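Below is query_15.pdb, holding PDB, C-alpha atoms, pLDDT in the B column.
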MODEL        1
ATOM      1  CA  MET E   1      38.556  -2.148  30.391  1.00 77.00           C
ATOM      2  CA  SER E   2      38.929   0.967  28.308  1.00 78.00           C
ATOM      3  CA  THR E   3      41.412  -0.756  26.021  1.00 78.00           C
ATOM      4  CA  LEU E   4      39.070  -3.686  25.506  1.00 84.00           C
ATOM      5  CA  ALA E   5      36.204  -1.327  24.742  1.00 84.00           C
ATOM      6  CA  TRP E   6      38.231   0.516  22.103  1.00 83.00           C
ATOM      7  CA  LEU E   7      39.415  -2.813  20.688  1.00 81.00           C
ATOM      8  CA  TRP E   8      35.795  -3.903  20.333  1.00 82.00           C
ATOM      9  CA  LEU E   9      34.735  -0.582  18.827  1.00 80.00           C
ATOM     10  CA  PHE E  10      37.438  -0.735  16.149  1.00 80.00           C
ATOM     11  CA  ASP E  11      37.317  -4.477  15.425  1.00 79.00           C
ATOM     12  CA  PRO E  12      37.358  -4.968  11.634  1.00 73.00           C
ATOM     13  CA  SER E  13      34.691  -7.711  11.651  1.00 74.00           C
ATOM     14  CA  TYR E  14      32.272  -6.908  14.476  1.00 77.00           C
ATOM     15  CA  SER E  15      32.831  -3.234  15.154  1.00 77.00           C
ATOM     16  CA  ALA E  16      30.061  -1.038  16.498  1.00 78.00           C
ATOM     17  CA  PHE E  17      31.299   1.815  14.327  1.00 76.00           C
ATOM     18  CA  ASN E  18      31.283  -0.334  11.188  1.00 76.00           C
ATOM     19  CA  TRP E  19      27.801  -1.609  12.012  1.00 79.00           C
ATOM     20  CA  LEU E  20      26.540   1.955  12.439  1.00 80.00           C
ATOM     21  CA  LEU E  21      28.100   3.055   9.153  1.00 76.00           C
ATOM     22  CA  GLN E  22      26.579   0.081   7.321  1.00 77.00           C
ATOM     23  CA  ALA E  23      23.177   0.833   8.859  1.00 83.00           C
ATOM     24  CA  MET E  24      23.396   4.376   7.473  1.00 82.00           C
ATOM     25  CA  GLY E  25      24.312   3.019   4.030  1.00 76.00           C
ATOM     26  CA  ALA E  26      28.003   3.951   4.032  1.00 70.00           C
ATOM     27  CA  ASN E  27      30.973   1.679   3.539  1.00 69.00           C
ATOM     28  CA  GLY E  28      31.713  -0.210   6.741  1.00 62.00           C
ATOM     29  CA  ALA E  29      35.515  -0.208   6.338  1.00 67.00           C
ATOM     30  CA  LEU E  30      36.244   2.524   8.867  1.00 67.00           C
ATOM     31  CA  LEU E  31      39.926   1.841   9.386  1.00 72.00           C
ATOM     32  CA  GLY E  32      40.626   0.981   5.746  1.00 76.00           C
ATOM     33  CA  ASP E  33      40.764   4.666   4.828  1.00 77.00           C
ATOM     34  CA  PRO E  34      43.978   6.410   5.993  1.00 87.00           C
ATOM     35  CA  TYR E  35      42.072   9.561   7.000  1.00 86.00           C
ATOM     36  CA  TRP E  36      39.669   7.707   9.308  1.00 80.00           C
ATOM     37  CA  ALA E  37      42.439   5.473  10.673  1.00 83.00           C
ATOM     38  CA  ARG E  38      44.413   8.579  11.682  1.00 89.00           C
ATOM     39  CA  PHE E  39      41.263  10.109  13.161  1.00 86.00           C
ATOM     40  CA  ALA E  40      40.640   6.948  15.200  1.00 84.00           C
ATOM     41  CA  VAL E  41      44.177   6.958  16.613  1.00 87.00           C
ATOM     42  CA  ILE E  42      43.895  10.630  17.555  1.00 92.00           C
ATOM     43  CA  LEU E  43      40.470  10.052  19.141  1.00 88.00           C
ATOM     44  CA  VAL E  44      41.731   7.231  21.353  1.00 87.00           C
ATOM     45  CA  ASN E  45      44.838   9.221  22.304  1.00 89.00           C
ATOM     46  CA  VAL E  46      42.741  12.225  23.352  1.00 91.00           C
ATOM     47  CA  TRP E  47      40.359   9.940  25.282  1.00 88.00           C
ATOM     48  CA  VAL E  48      43.257   8.414  27.203  1.00 87.00           C
ATOM     49  CA  GLY E  49      45.197  11.666  27.768  1.00 89.00           C
ATOM     50  CA  ALA E  50      42.404  14.108  28.619  1.00 91.00           C
ATOM     51  CA  PRO E  51      41.889  13.032  32.266  1.00 90.00           C
ATOM     52  CA  PHE E  52      45.606  13.405  33.008  1.00 92.00           C
ATOM     53  CA  PHE E  53      45.712  16.924  31.578  1.00 92.00           C
ATOM     54  CA  MET E  54      42.527  17.935  33.398  1.00 93.00           C
ATOM     55  CA  ILE E  55      44.045  16.806  36.702  1.00 95.00           C
ATOM     56  CA  MET E  56      47.204  18.777  35.930  1.00 94.00           C
ATOM     57  CA  TYR E  57      45.177  21.912  35.108  1.00 93.00           C
ATOM     58  CA  LEU E  58      43.175  21.526  38.321  1.00 94.00           C
ATOM     59  CA  ALA E  59      46.361  21.136  40.358  1.00 94.00           C
ATOM     60  CA  ALA E  60      47.808  24.259  38.728  1.00 92.00           C
ATOM     61  CA  LEU E  61      44.659  26.259  39.528  1.00 91.00           C
ATOM     62  CA  LYS E  62      44.645  25.036  43.131  1.00 92.00           C
ATOM     63  CA  SER E  63      48.255  26.180  43.604  1.00 92.00           C
ATOM     64  CA  VAL E  64      47.454  29.853  42.877  1.00 91.00           C
ATOM     65  CA  PRO E  65      47.969  31.822  46.112  1.00 92.00           C
ATOM     66  CA  GLU E  66      44.958  33.453  47.749  1.00 91.00           C
ATOM     67  CA  GLN E  67      46.708  36.850  47.667  1.00 93.00           C
ATOM     68  CA  LEU E  68      46.393  36.912  43.860  1.00 91.00           C
ATOM     69  CA  TYR E  69      42.637  36.410  44.105  1.00 88.00           C
ATOM     70  CA  GLU E  70      42.402  39.191  46.691  1.00 92.00           C
ATOM     71  CA  ALA E  71      44.464  41.519  44.496  1.00 93.00           C
ATOM     72  CA  ALA E  72      42.194  40.765  41.531  1.00 91.00           C
ATOM     73  CA  ARG E  73      39.094  41.627  43.575  1.00 92.00           C
TER      74      ARG E  73
ENDMDL
END

Translate the structure described by the file into structure tokens.
Amino acid sequence: MSTLAWLWLFDPSYSAFNWLLQAMGANGALLGDPYWARFAVILVNVWVGAPFFMIMYLAALKSVPEQLYEAAR
């Protein structure tokens, strides 16, 4: 579902982002500019990868022994 949502958001003809840009008076070709195309790829990659990294950080924090917390207190 997430992939279909991103596909719809970046569709060249009926994109929500292009519609929003056109409504604000800007050029609607979001992915035609290399800067914004790179930004879009990075945005989707962060959106997909962030939950995995958050789970890994949580697992690392849960594996800290209780003795370290006691020593810090």

Can you tell me how far atom CA of E:Val41 sits from atom CA of E:Trp19, in Å to one decimal? 19.0 Å

Pairwise distance for atom CA of E:Met54 and atom CA of E:Thr3, rounded to one decimal in Å: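 Value for the atom CA of E:Met54-atom CA of E:Thr3 distance: 20.1 Å.
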
Would you mind telling me which residue in E:Ala23, E:Ala71, E:Ala40, E:Pro34 lies nearest to E:Phe10 when using only C-alpha atoms?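 Comparing E:Ala23, E:Ala71, E:Ala40, E:Pro34 against E:Phe10, the winner is E:Ala40.
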
For this file, the PyMOL selection byres ((chain E and resi 44) around 12) selects which residues, as a ChimeraX atom specification? /E:2-7,9-10,37-43,45-50

Quick one: what's the axis-aligned box for stretch 6-19 of chain E, all listed atoms, 5 Å on every side, centre and edges in Å to one decimal, as AutoDock Vina command-line options?
--center_x 33.6 --center_y -2.9 --center_z 16.6 --size_x 21.6 --size_y 19.5 --size_z 20.9

So what do you get for atom CA of E:Leu20 versus atom CA of E:Pro51, distance-wise? 27.4 Å
